[in-house]
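> Pasting model_8.json here (JSON, C-alpha atoms):
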[["chain", "number", "residue", "atom", "x", "y", "z"],
["A", 118, "MET", "CA", 22.94, -35.94, 4.41],
["A", 119, "ASN", "CA", 25.66, -37.01, 1.92],
["A", 120, "HIS", "CA", 27.45, -34.60, -0.43],
["A", 121, "PHE", "CA", 25.26, -35.53, -3.41],
["A", 122, "LEU", "CA", 22.02, -34.78, -1.55],
["A", 123, "LYS", "CA", 23.44, -31.50, -0.26],
["A", 124, "LEU", "CA", 24.36, -30.47, -3.80],
["A", 125, "LEU", "CA", 20.93, -31.48, -5.09],
["A", 126, "PHE", "CA", 19.20, -29.45, -2.36],
["A", 127, "ILE", "CA", 21.29, -26.37, -3.22],
["A", 128, "LEU", "CA", 20.47, -26.74, -6.91],
["A", 129, "ILE", "CA", 16.74, -26.99, -6.17],
["A", 130, "LEU", "CA", 16.87, -23.84, -4.06],
["A", 131, "PHE", "CA", 18.80, -22.05, -6.79],
["A", 132, "GLN", "CA", 16.18, -22.97, -9.38],
["A", 133, "VAL", "CA", 13.20, -21.93, -7.28],
["A", 134, "LYS", "CA", 14.72, -18.72, -5.93],
["A", 135, "GLY", "CA", 13.60, -15.56, -7.70],
["A", 136, "PHE", "CA", 16.64, -13.35, -8.12],
["A", 137, "SER", "CA", 14.87, -10.77, -10.28],
["A", 138, "GLN", "CA", 12.59, -8.89, -7.89],
["A", 139, "GLU", "CA", 11.33, -6.23, -10.30],
["A", 140, "ILE", "CA", 7.65, -6.55, -11.12],
["A", 141, "GLU", "CA", 7.31, -7.51, -14.78],
["A", 142, "LEU", "CA", 4.88, -9.23, -17.13],
["A", 143, "PHE", "CA", 4.30, -12.83, -16.07],
["A", 144, "GLN", "CA", 1.29, -13.97, -18.10],
["A", 145, "GLN", "CA", -1.08, -12.36, -20.60],
["A", 146, "PHE", "CA", -4.53, -13.59, -21.63],
["A", 147, "ASN", "CA", -6.60, -12.34, -24.59],
["A", 148, "GLY", "CA", -10.23, -13.28, -25.00],
["A", 149, "ARG", "CA", -13.53, -13.16, -23.14],
["A", 150, "TYR", "CA", -11.73, -13.30, -19.82],
["A", 151, "ASP", "CA", -11.91, -11.70, -16.39],
["A", 152, "TYR", "CA", -10.38, -12.54, -13.04],
["A", 153, "LYS", "CA", -11.34, -13.05, -9.43],
["A", 154, "ALA", "CA", -9.17, -13.16, -6.33],
["A", 155, "VAL", "CA", -9.64, -14.55, -2.83],
["A", 156, "GLY", "CA", -7.36, -14.86, 0.15],
["A", 157, "ASN", "CA", -6.89, -14.18, 3.82],
["A", 158, "THR", "CA", -4.46, -12.93, 6.41],
["A", 159, "LEU", "CA", -2.73, -15.01, 9.06],
["A", 160, "ASN", "CA", -2.41, -11.98, 11.35],
["A", 161, "VAL", "CA", -4.96, -11.88, 14.15],
["A", 162, "PHE", "CA", -4.69, -8.06, 14.37],
["A", 163, "GLU", "CA", -2.96, -5.21, 12.57],
["A", 164, "ASN", "CA", 0.59, -5.55, 13.88],
["A", 165, "ASN", "CA", 1.17, -1.82, 14.17],
["A", 166, "LEU", "CA", -1.83, -1.29, 16.48],
["A", 167, "PHE", "CA", -1.54, -4.38, 18.67],
["A", 168, "THR", "CA", 2.07, -4.72, 19.76],
["A", 169, "THR", "CA", 1.45, -7.54, 22.21],
["A", 170, "PHE", "CA", 1.32, -10.40, 19.69],
["A", 171, "CYS", "CA", 4.27, -11.91, 17.84],
["A", 172, "GLU", "CA", 2.79, -14.94, 16.13],
["A", 173, "THR", "CA", 0.57, -15.82, 13.21],
["A", 174, "LEU", "CA", -2.50, -18.01, 12.93],
["A", 175, "PRO", "CA", -2.02, -21.70, 11.99],
["A", 176, "SER", "CA", -4.53, -21.36, 9.14],
["A", 177, "SER", "CA", -7.16, -19.17, 7.54],
["A", 178, "SER", "CA", -9.83, -19.68, 4.89],
["A", 179, "ALA", "CA", -11.62, -17.88, 2.06],
["A", 180, "GLN", "CA", -14.60, -18.77, -0.09],
["A", 181, "PHE", "CA", -14.16, -18.91, -3.86],
["A", 182, "TYR", "CA", -17.30, -18.69, -5.94],
["A", 183, "LEU", "CA", -17.93, -18.12, -9.64],
["A", 184, "GLU", "CA", -21.58, -17.09, -9.89],
["A", 185, "ASP", "CA", -22.13, -18.22, -13.49],
["A", 186, "ASP", "CA", -22.04, -21.97, -14.15],
["A", 187, "SER", "CA", -20.94, -21.26, -17.73],
["A", 188, "SER", "CA", -17.67, -19.71, -16.54],
["A", 189, "THR", "CA", -14.56, -21.81, -17.11],
["A", 190, "ILE", "CA", -11.34, -21.55, -15.12],
["A", 191, "ILE", "CA", -8.40, -20.87, -17.44],
["A", 192, "ALA", "CA", -5.54, -20.34, -14.96],
["A", 193, "ALA", "CA", -5.06, -20.09, -11.20],
["A", 194, "TYR", "CA", -2.09, -18.98, -9.10],
["A", 195, "LEU", "CA", -1.52, -19.20, -5.36],
["A", 196, "TYR", "CA", 0.56, -16.53, -3.61],
["A", 197, "TRP", "CA", 1.74, -16.66, -0.01],
["A", 198, "ALA", "CA", 4.04, -14.29, 1.84],
["A", 199, "GLY", "CA", 5.49, -13.40, 5.21],
["A", 200, "SER", "CA", 8.45, -12.44, 7.31],
["A", 201, "GLY", "CA", 11.72, -14.27, 6.63],
["A", 202, "GLU", "CA", 13.41, -15.77, 3.59],
["A", 203, "GLY", "CA", 10.55, -18.10, 2.73],
["A", 204, "ASP", "CA", 8.45, -21.12, 3.55],
["A", 205, "LEU", "CA", 8.54, -23.07, 0.28],
["A", 206, "ASN", "CA", 5.75, -25.55, 1.05],
["A", 207, "VAL", "CA", 2.20, -24.94, 2.27],
["A", 208, "THR", "CA", -1.03, -26.93, 2.32],
["A", 209, "LEU", "CA", -4.18, -25.76, 0.56],
["A", 210, "SER", "CA", -7.35, -27.66, 1.49],
["A", 211, "GLY", "CA", -5.46, -30.90, 1.98],
["A", 212, "GLN", "CA", -3.16, -30.50, -1.05],
["A", 213, "SER", "CA", 0.57, -30.00, -0.47],
["A", 214, "ILE", "CA", 1.82, -27.10, -2.61],
["A", 215, "ASP", "CA", 5.48, -26.45, -3.44],
["A", 216, "ALA", "CA", 6.60, -23.01, -4.55],
["A", 217, "ASP", "CA", 7.34, -22.55, -8.23],
["A", 218, "SER", "CA", 9.41, -19.52, -7.25],
["A", 219, "VAL", "CA", 10.19, -17.37, -4.23],
["A", 220, "TYR", "CA", 10.99, -13.65, -4.19],
["A", 221, "ASN", "CA", 12.78, -11.73, -1.43],
["A", 222, "VAL", "CA", 13.12, -8.08, -0.44],
["A", 223, "GLU", "CA", 15.10, -6.51, 2.39],
["A", 224, "TYR", "CA", 14.58, -3.63, 4.79],
["A", 225, "ASN", "CA", 17.60, -2.21, 6.60],
["A", 226, "ASP", "CA", 16.32, -1.12, 10.01],
["A", 227, "PRO", "CA", 18.65, 1.14, 12.04],
["A", 228, "PHE", "CA", 17.81, -0.68, 15.30],
["A", 229, "ASN", "CA", 17.08, -4.26, 14.18],
["A", 230, "GLY", "CA", 19.46, -4.77, 11.26],
["A", 231, "THR", "CA", 18.50, -6.31, 7.93],
["A", 232, "LEU", "CA", 15.03, -7.83, 7.83],
["A", 233, "VAL", "CA", 14.07, -10.10, 4.91],
["A", 234, "TYR", "CA", 10.54, -10.73, 3.60],
["A", 235, "PHE", "CA", 9.34, -13.24, 1.03],
["A", 236, "SER", "CA", 6.58, -14.12, -1.37],
["A", 237, "CYS", "CA", 6.05, -17.45, -3.11],
["A", 238, "TYR", "CA", 3.76, -18.41, -5.94],
["A", 239, "ALA", "CA", 2.60, -21.69, -7.46],
["A", 240, "ASP", "CA", 0.49, -22.61, -10.48],
["A", 241, "ILE", "CA", -2.58, -24.39, -9.08],
["A", 242, "THR", "CA", -4.74, -24.37, -12.23],
["A", 243, "ASP", "CA", -5.52, -28.10, -12.22],
["A", 244, "PHE", "CA", -6.26, -28.05, -8.50],
["A", 245, "MET", "CA", -8.76, -25.20, -8.86],
["A", 246, "ILE", "CA", -10.44, -26.78, -11.91],
["A", 247, "ASP", "CA", -10.87, -30.04, -9.96],
["A", 248, "ASN", "CA", -12.30, -28.34, -6.85],
["A", 249, "GLY", "CA", -14.13, -25.27, -8.20],
["A", 250, "ASN", "CA", -16.46, -23.35, -5.92],
["A", 251, "MET", "CA", -15.77, -24.02, -2.26],
["A", 252, "THR", "CA", -14.10, -22.65, 0.85],
["A", 253, "TYR", "CA", -10.32, -22.97, 0.60],
["A", 254, "GLU", "CA", -8.15, -23.19, 3.70],
["A", 255, "LEU", "CA", -4.43, -22.53, 3.73],
["A", 256, "TYR", "CA", -2.24, -23.89, 6.50],
["A", 257, "ASP", "CA", 1.40, -24.92, 7.15],
["A", 258, "LEU", "CA", 2.58, -21.38, 6.34],
["A", 259, "ASP", "CA", 4.89, -21.33, 9.35],
["A", 260, "ILE", "CA", 7.17, -18.39, 10.15],
["A", 261, "SER", "CA", 7.37, -19.09, 13.89],
["A", 262, "ASN", "CA", 11.09, -19.95, 13.82],
["A", 263, "VAL", "CA", 11.82, -16.70, 11.97],
["A", 264, "LEU", "CA", 9.94, -14.59, 14.51],
["A", 265, "THR", "CA", 11.49, -16.45, 17.44],
["A", 266, "SER", "CA", 15.07, -16.37, 16.19],
["A", 267, "ASN", "CA", 15.00, -12.73, 15.06],
["A", 268, "PRO", "CA", 13.07, -10.42, 17.43],
["A", 269, "GLY", "CA", 13.64, -7.57, 14.98],
["A", 270, "TYR", "CA", 10.45, -8.42, 13.05],
["A", 271, "CYS", "CA", 8.22, -7.96, 16.07],
["A", 272, "ASN", "CA", 10.26, -5.06, 17.43],
["A", 273, "ASN", "CA", 9.73, -3.35, 14.08],
["A", 274, "ARG", "CA", 6.08, -4.50, 13.87],
["A", 275, "THR", "CA", 6.57, -6.19, 10.51],
["A", 276, "ASN", "CA", 5.58, -9.69, 11.60],
["A", 277, "PHE", "CA", 3.03, -10.88, 9.04],
["A", 278, "ALA", "CA", 1.83, -13.74, 6.86],
["A", 279, "GLY", "CA", -0.99, -14.08, 4.34],
["A", 280, "TRP", "CA", -2.11, -15.68, 1.07],
["A", 281, "SER", "CA", -4.19, -15.14, -2.04],
["A", 282, "ILE", "CA", -5.47, -17.04, -5.09],
["A", 283, "TYR", "CA", -5.85, -15.37, -8.50],
["A", 284, "VAL", "CA", -8.23, -17.09, -10.91],
["A", 285, "ILE", "CA", -8.49, -16.18, -14.61],
["A", 286, "TYR", "CA", -11.79, -17.37, -16.05],
["A", 287, "GLU", "CA", -13.59, -17.36, -19.40],
["A", 288, "ASN", "CA", -17.24, -16.60, -20.07],
["A", 289, "ALA", "CA", -18.89, -16.11, -23.48],
["A", 290, "ALA", "CA", -20.93, -13.20, -22.09],
["A", 291, "LEU", "CA", -17.80, -11.16, -21.27],
["A", 292, "PRO", "CA", -16.38, -8.52, -23.63],
["A", 293, "LEU", "CA", -13.08, -9.21, -25.38],
["A", 294, "ASN", "CA", -10.47, -8.34, -22.77],
["A", 295, "GLN", "CA", -6.72, -8.39, -22.37],
["A", 296, "ILE", "CA", -5.60, -9.48, -18.92],
["A", 297, "GLY", "CA", -2.01, -8.75, -17.95],
["A", 298, "LEU", "CA", -0.56, -10.32, -14.79],
["A", 299, "TYR", "CA", 2.67, -8.70, -13.60],
["A", 300, "GLN", "CA", 4.56, -10.10, -10.64],
["A", 301, "GLY", "CA", 7.74, -9.79, -8.63],
["A", 302, "LEU", "CA", 8.41, -8.20, -5.23],
["A", 303, "GLU", "CA", 9.21, -4.55, -4.57],
["A", 304, "ILE", "CA", 9.35, -2.58, -1.34],
["A", 305, "ILE", "CA", 9.00, 1.01, -0.18],
["A", 306, "ASP", "CA", 9.82, 2.13, 3.35],
["A", 307, "ARG", "CA", 11.46, 4.97, 5.27],
["A", 308, "ASN", "CA", 14.74, 4.32, 3.41],
["A", 309, "VAL", "CA", 13.20, 4.15, -0.10],
["A", 310, "GLN", "CA", 10.07, 6.30, 0.00],
["A", 311, "GLU", "CA", 9.12, 6.17, -3.67],
["A", 312, "LYS", "CA", 8.92, 3.49, -6.33],
["A", 313, "THR", "CA", 8.02, 3.80, -10.01],
["A", 314, "ILE", "CA", 6.96, 0.71, -11.94],
["A", 315, "VAL", "CA", 6.28, 0.76, -15.68],
["A", 316, "ILE", "CA", 3.96, -1.97, -16.93],
["A", 317, "ASP", "CA", 4.18, -2.57, -20.66],
["A", 318, "ASN", "CA", 2.74, -4.79, -23.40],
["A", 319, "LEU", "CA", -0.64, -3.09, -23.01],
["A", 320, "ASN", "CA", -3.07, -2.86, -25.91],
["A", 321, "VAL", "CA", -5.80, -0.35, -25.02],
["A", 322, "LEU", "CA", -8.43, -0.46, -27.76],
["A", 323, "ASP", "CA", -11.24, 0.72, -25.48],
["A", 324, "ASN", "CA", -10.83, 2.04, -21.95],
["A", 325, "GLU", "CA", -14.43, 1.44, -20.85],
["A", 326, "ASN", "CA", -14.57, -0.43, -17.52],
["A", 327, "ALA", "CA", -10.78, -0.82, -17.46],
["A", 328, "LYS", "CA", -9.50, -1.89, -14.06],
["A", 329, "ILE", "CA", -6.27, -2.58, -12.22],
["A", 330, "GLY", "CA", -5.68, -4.75, -9.18],
["A", 331, "PHE", "CA", -2.87, -5.00, -6.64],
["A", 332, "LEU", "CA", -1.69, -7.62, -4.16],
["A", 333, "ALA", "CA", 0.45, -6.04, -1.45],
["A", 334, "TRP", "CA", 1.73, -7.00, 1.99],
["A", 335, "GLU", "CA", 2.48, -5.31, 5.31],
["A", 336, "GLY", "CA", 0.37, -2.17, 4.81],
["A", 337, "ASP", "CA", -1.04, -0.63, 8.02],
["A", 338, "ASN", "CA", -4.29, 1.29, 8.25],
["A", 339, "SER", "CA", -2.86, 3.42, 11.06],
["A", 340, "LEU", "CA", 0.24, 4.48, 9.08],
["A", 341, "ASN", "CA", -0.70, 6.74, 6.17],
["A", 342, "TYR", "CA", 2.08, 9.31, 6.21],
["A", 343, "GLY", "CA", 2.78, 10.48, 2.66],
["A", 344, "GLU", "CA", 1.15, 7.36, 1.25],
["A", 345, "SER", "CA", -0.15, 7.32, -2.32],
["A", 346, "LEU", "CA", -0.78, 5.00, -5.23],
["A", 347, "SER", "CA", -1.08, 6.46, -8.71],
["A", 348, "ILE", "CA", -1.29, 5.46, -12.36],
["A", 349, "ASN", "CA", -0.12, 7.87, -15.04],
["A", 350, "ASP", "CA", 0.11, 10.62, -12.37],
["A", 351, "ASN", "CA", -3.52, 10.09, -11.29],
["A", 352, "ILE", "CA", -3.98, 9.22, -7.61],
["A", 353, "LEU", "CA", -6.08, 6.08, -7.19],
["A", 354, "SER", "CA", -8.75, 5.81, -4.53],
["A", 355, "ASN", "CA", -11.80, 3.72, -3.75],
["A", 356, "PRO", "CA", -13.46, 5.35, -0.73],
["A", 357, "PRO", "CA", -14.40, 4.48, 1.88],
["A", 358, "LEU", "CA", -12.37, 1.25, 1.52],
["A", 359, "ASN", "CA", -9.21, 2.87, 0.14],
["A", 360, "GLU", "CA", -8.73, 6.59, 0.64],
["A", 361, "ALA", "CA", -6.39, 8.55, -1.63],
["A", 362, "ASP", "CA", -3.82, 8.87, 1.18],
["A", 363, "ASN", "CA", -4.15, 5.31, 2.53],
["A", 364, "ALA", "CA", -4.24, 2.73, -0.27],
["A", 365, "PHE", "CA", -2.37, 0.04, 1.66],
["A", 366, "ASN", "CA", -4.51, -0.37, 4.75],
["A", 367, "GLY", "CA", -5.42, -4.04, 5.17],
["A", 368, "THR", "CA", -8.46, -4.23, 2.89],
["A", 369, "ASN", "CA", -9.99, -6.64, 0.37],
["A", 370, "THR", "CA", -12.06, -5.10, -2.44],
["A", 371, "PHE", "CA", -13.64, -8.45, -3.36],
["A", 372, "THR", "CA", -15.22, -8.84, 0.09],
["A", 373, "ASN", "CA", -15.14, -5.18, 1.26],
["A", 374, "SER", "CA", -13.23, -6.39, 4.30],
["A", 375, "THR", "CA", -11.27, -3.96, 6.47],
["A", 376, "GLU", "CA", -9.82, -6.84, 8.51],
["A", 377, "PHE", "CA", -7.39, -8.19, 5.91],
["A", 378, "TYR", "CA", -4.67, -7.31, 8.40],
["A", 379, "ASN", "CA", -1.30, -6.34, 6.86],
["A", 380, "CYS", "CA", -2.43, -7.58, 3.44],
["A", 381, "ASP", "CA", -4.15, -5.73, 0.58],
["A", 382, "LEU", "CA", -6.16, -7.25, -2.26],
["A", 383, "ASP", "CA", -7.61, -4.24, -4.04],
["A", 384, "VAL", "CA", -9.09, -3.31, -7.42],
["A", 385, "TYR", "CA", -9.57, 0.16, -8.95],
["A", 386, "ASN", "CA", -11.46, 1.42, -11.97],
["A", 387, "ILE", "CA", -8.98, 3.19, -14.28],
["A", 388, "GLN", "CA", -11.28, 4.06, -17.17],
["A", 389, "ASP", "CA", -10.36, 7.73, -16.86],
["A", 390, "ASN", "CA", -6.66, 7.10, -16.17],
["A", 391, "ILE", "CA", -5.61, 5.44, -19.44],
["A", 392, "SER", "CA", -6.20, 6.32, -23.08],
["A", 393, "ILE", "CA", -7.00, 4.37, -26.21],
["A", 394, "GLY", "CA", -3.74, 3.49, -27.92],
["A", 395, "ASP", "CA", -1.67, 3.27, -24.72],
["A", 396, "THR", "CA", 0.93, 0.51, -24.74],
["A", 397, "SER", "CA", 2.27, 1.13, -21.22],
["A", 398, "ALA", "CA", 1.31, 2.69, -17.90],
["A", 399, "THR", "CA", 3.34, 4.13, -15.04],
["A", 400, "ILE", "CA", 2.56, 3.03, -11.47],
["A", 401, "ARG", "CA", 3.95, 5.15, -8.64],
["A", 402, "LEU", "CA", 3.94, 4.35, -4.91],
["A", 403, "THR", "CA", 4.99, 6.71, -2.14],
["A", 404, "THR", "CA", 5.29, 6.57, 1.65],
["A", 405, "GLY", "CA", 6.76, 8.76, 4.36],
["A", 406, "ALA", "CA", 6.15, 12.19, 5.91],
["A", 407, "LEU", "CA", 6.85, 14.10, 9.11],
["A", 408, "ASP", "CA", 4.44, 13.71, 12.02],
["A", 409, "ASN", "CA", 3.28, 16.53, 14.31],
["A", 410, "ASN", "CA", 6.52, 16.24, 16.28],
["A", 411, "GLY", "CA", 8.71, 16.54, 13.20],
["A", 412, "ASN", "CA", 9.66, 12.86, 13.15],
["A", 413, "LEU", "CA", 9.68, 10.82, 9.94],
["A", 414, "GLN", "CA", 6.95, 8.20, 9.83],
["A", 415, "ALA", "CA", 6.56, 5.73, 6.96],
["A", 416, "ASP", "CA", 4.56, 2.60, 6.28],
["A", 417, "LEU", "CA", 6.57, -0.36, 5.00],
["A", 418, "ILE", "CA", 4.74, -1.67, 1.92],
["A", 419, "ILE", "CA", 5.63, -4.72, -0.18],
["A", 420, "LEU", "CA", 4.04, -4.93, -3.64],
["A", 421, "ASN", "CA", 3.70, -8.47, -5.01],
["A", 422, "ASN", "CA", 1.73, -8.20, -8.23],
["A", 423, "ILE", "CA", -0.33, -5.99, -10.52],
["A", 424, "ILE", "CA", -3.14, -7.18, -12.77],
["A", 425, "THR", "CA", -4.87, -5.22, -15.51],
["A", 426, "VAL", "CA", -8.13, -5.91, -17.34],
["A", 427, "LEU", "CA", -8.50, -3.89, -20.55],
["A", 428, "ASN", "CA", -11.04, -4.11, -23.38]]
If you convert what's in this file into structure tokens, what do you get?

Amino acid sequence: MNHFLKLLFILILFQVKGFSQEIELFQQFNGRYDYKAVGNTLNVFENNLFTTFCETLPSSSAQFYLEDDSSTIIAAYLYWAGSGEGDLNVTLSGQSIDADSVYNVEYNDPFNGTLVYFSCYADITDFMIDNGNMTYELYDLDISNVLTSNPGYCNNRTNFAGWSIYVIYENAALPLNQIGLYQGLEIIDRNVQEKTIVIDNLNVLDNENAKIGFLAWEGDNSLNYGESLSINDNILSNPPLNEADNAFNGTNTFTNSTEFYNCDLDVYNIQDNISIGDTSATIRLTTGALDNNGNLQADLIILNNIITVLN
């Protein structure tokens, strides 16, 4: 590779790399809109329960379906994440997808050193409009070299990969809604056991049927020490799928799956947690508590995005 090509490659990486990790407003939609999300894990088991595997699946699939033929796709975004600094190209149902941006977070493990995790996103609106309702398969998300070259991920049981598609759609039968999509990448773990995120630019005219969704990575069902997710100091729960003390537990609200291993794609009703006139909301995540032997246990949780739907 000559010097010009090397410089060009560095510049491309610099442009695509997301240096601001804080979750903040990415897109806002106002109208008769709602959203739907699909996705799947590339982990064959929950990595904290089954310690014998240190690899991810070559592909996984999920069915996208808008029930009403009069619904129109307005925007669509693909997210994929895993261990390491990032795989910037994946394939979705035969279409090569390059990352529009990549975010990184770090965890400083006392035994395995600094471990880096990533999330990428890409605008796939045209692709989803062209293909519509069908089963989507994601492959070529390959973190095998990362797991092989750094055994710390599997030693620490944070070897994971997964993906999700968010679709914003319009339908004349829907109420007038404001959809706010906030994205970035933030982490809580045994070193940083609490995170507060303020989402702004809200316009709550009516809180009826208000909801909030989260895309998170690396949550374990078996690790719920001191774990909570709250909005405006109200603990969120959606039992039996998401208990108040175990929000990040490998579940998918859209399919009621409990086998979304080390990924979470969850939605909560927040009608009673926000008020008319609110222009912001405070999200708080916690993890970490002492076990029966007096040892600190904490789930490592990586939050990728937040989406709100408000009348």
> Show me a table, sorted first by chain and then by increasing residue number, of the residues of stretch 231-284 of chain A having an atom at most 12 Å from stretch 137-141 of chain A, each with its shortest atom pair and the distance in Å to one decimal, counting all atoms listed in the file and written as a tab-separated table.

residue	atom	partner	partner_atom	distance
A:Tyr234	CA	A:Gln138	CA	11.8
A:Phe235	CA	A:Gln138	CA	10.4
A:Ser236	CA	A:Gln138	CA	10.3
A:Cys237	CA	A:Gln138	CA	11.8
> So how many Å separate atom CA of A:Val207 and atom CA of A:Leu258, to one decimal?
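That distance, rounded to one decimal, is 5.4 Å.
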> Taking all atoms listed in the file into account, name the residue in A:Lys312, A:Ala192, A:Phe377, A:Leu417 that is nearest to A:Leu232.
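With all atoms listed in the file as the atom set, the closest residue is A:Leu417.
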> Can you list, as a PDB file with C-alpha atoms, in the frame of the given file, every protein, DNA or RNA residue that comes within 7 Å of A:Asp215 when you count all atoms listed in the file, leaving out same-chain residues fewer than 2 positions away?

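And here's part07.pdb as it stands now:
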ATOM      1  CA  LEU A 205       8.540 -23.070   0.280  1.00  0.00           C
ATOM      2  CA  ASN A 206       5.750 -25.550   1.050  1.00  0.00           C
ATOM      3  CA  VAL A 207       2.200 -24.940   2.270  1.00  0.00           C
ATOM      4  CA  SER A 213       0.570 -30.000  -0.470  1.00  0.00           C
ATOM      5  CA  ASP A 217       7.340 -22.550  -8.230  1.00  0.00           C
ATOM      6  CA  ALA A 239       2.600 -21.690  -7.460  1.00  0.00           C
TER       7      ALA A 239
END
> What is the atom CA of A:Asn421-atom CA of A:Leu332 distance in Å, reported with one decimal?
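That distance, rounded to one decimal, is 5.5 Å.
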> Give me, as a ChimeraX atom specification, all polymer residues having an atom no more than 7 Å from A:Ala327, counting only C-alpha atoms and skipping those fewer than 3 positions away in the same chain.
/A:324,386-388,426-428
> Rounded to one decimal, what separation in Å do you get between atom CA of A:Asn308 and atom CA of A:Gly343?
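It comes out at 13.5 Å.
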> Which is closer to A:Asn366 than all the others in A:Asn276, A:Asn267, A:Asn341, A:Asn410, using all atoms listed in the file?
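The shortest atom-to-atom distance to A:Asn366 comes from A:Asn341.
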> Restricting the calculation to only C-alpha atoms, which member of A:Ser281, A:Thr208, A:Thr313, A:Asn379 is positioned closest to A:Glu163?
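Closest to A:Glu163, using only C-alpha atoms: A:Asn379.
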> Can you tell me which residues surround A:Thr425 at a distance of at most 6 Å, considering all atoms listed in the file, apart from same-chain residues fewer than 2 positions away, and format the answer as a list of chain:residue names?
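Selected residues are A:Ile296, A:Gly297, A:Lys328, A:Ile329.
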> Give me the residues within 12 Å of A:Leu407 as a list in words, counting only C-alpha atoms and dropping any in the same chain fewer than 2 places off.
Arg307, Leu340, Asn341, Tyr342, Gly343, Glu344, Thr404, Gly405, Asn409, Asn410, Gly411, Asn412, Leu413, Gln414 and Ala415 of chain A
> Model the absent atoms of stretch 413-424 of chain A so that N, CA and C atoms are present, and write the result as a PDB file, keeping the file's coordinate frame.

ATOM      1  N   LEU A 413      10.062  11.533  11.149  1.00  0.00           N
ATOM      2  CA  LEU A 413       9.680  10.820   9.940  1.00  0.00           C
ATOM      3  C   LEU A 413       8.913   9.556  10.288  1.00  0.00           C
ATOM      4  N   GLN A 414       7.741   9.410   9.699  1.00  0.00           N
ATOM      5  CA  GLN A 414       6.950   8.200   9.830  1.00  0.00           C
ATOM      6  C   GLN A 414       6.686   7.654   8.436  1.00  0.00           C
ATOM      7  N   ALA A 415       6.780   6.334   8.281  1.00  0.00           N
ATOM      8  CA  ALA A 415       6.560   5.730   6.960  1.00  0.00           C
ATOM      9  C   ALA A 415       6.041   4.309   7.119  1.00  0.00           C
ATOM     10  N   ASP A 416       5.054   3.969   6.321  1.00  0.00           N
ATOM     11  CA  ASP A 416       4.560   2.600   6.280  1.00  0.00           C
ATOM     12  C   ASP A 416       5.479   1.778   5.392  1.00  0.00           C
ATOM     13  N   LEU A 417       5.813   0.571   5.837  1.00  0.00           N
ATOM     14  CA  LEU A 417       6.570  -0.360   5.000  1.00  0.00           C
ATOM     15  C   LEU A 417       5.554  -1.136   4.165  1.00  0.00           C
ATOM     16  N   ILE A 418       5.703  -1.072   2.842  1.00  0.00           N
ATOM     17  CA  ILE A 418       4.740  -1.670   1.920  1.00  0.00           C
ATOM     18  C   ILE A 418       5.480  -2.548   0.921  1.00  0.00           C
ATOM     19  N   ILE A 419       5.005  -3.771   0.740  1.00  0.00           N
ATOM     20  CA  ILE A 419       5.630  -4.720  -0.180  1.00  0.00           C
ATOM     21  C   ILE A 419       4.621  -5.045  -1.280  1.00  0.00           C
ATOM     22  N   LEU A 420       4.930  -4.688  -2.509  1.00  0.00           N
ATOM     23  CA  LEU A 420       4.040  -4.930  -3.640  1.00  0.00           C
ATOM     24  C   LEU A 420       4.429  -6.232  -4.329  1.00  0.00           C
ATOM     25  N   ASN A 421       3.444  -7.140  -4.476  1.00  0.00           N
ATOM     26  CA  ASN A 421       3.700  -8.470  -5.010  1.00  0.00           C
ATOM     27  C   ASN A 421       3.306  -8.613  -6.470  1.00  0.00           C
ATOM     28  N   ASN A 422       2.121  -8.111  -6.824  1.00  0.00           N
ATOM     29  CA  ASN A 422       1.730  -8.200  -8.230  1.00  0.00           C
ATOM     30  C   ASN A 422       0.749  -7.113  -8.615  1.00  0.00           C
ATOM     31  N   ILE A 423       0.609  -6.934  -9.906  1.00  0.00           N
ATOM     32  CA  ILE A 423      -0.330  -5.990 -10.520  1.00  0.00           C
ATOM     33  C   ILE A 423      -1.063  -6.753 -11.595  1.00  0.00           C
ATOM     34  N   ILE A 424      -2.374  -6.548 -11.703  1.00  0.00           N
ATOM     35  CA  ILE A 424      -3.140  -7.180 -12.770  1.00  0.00           C
ATOM     36  C   ILE A 424      -4.037  -6.146 -13.429  1.00  0.00           C
TER      37      ILE A 424
END
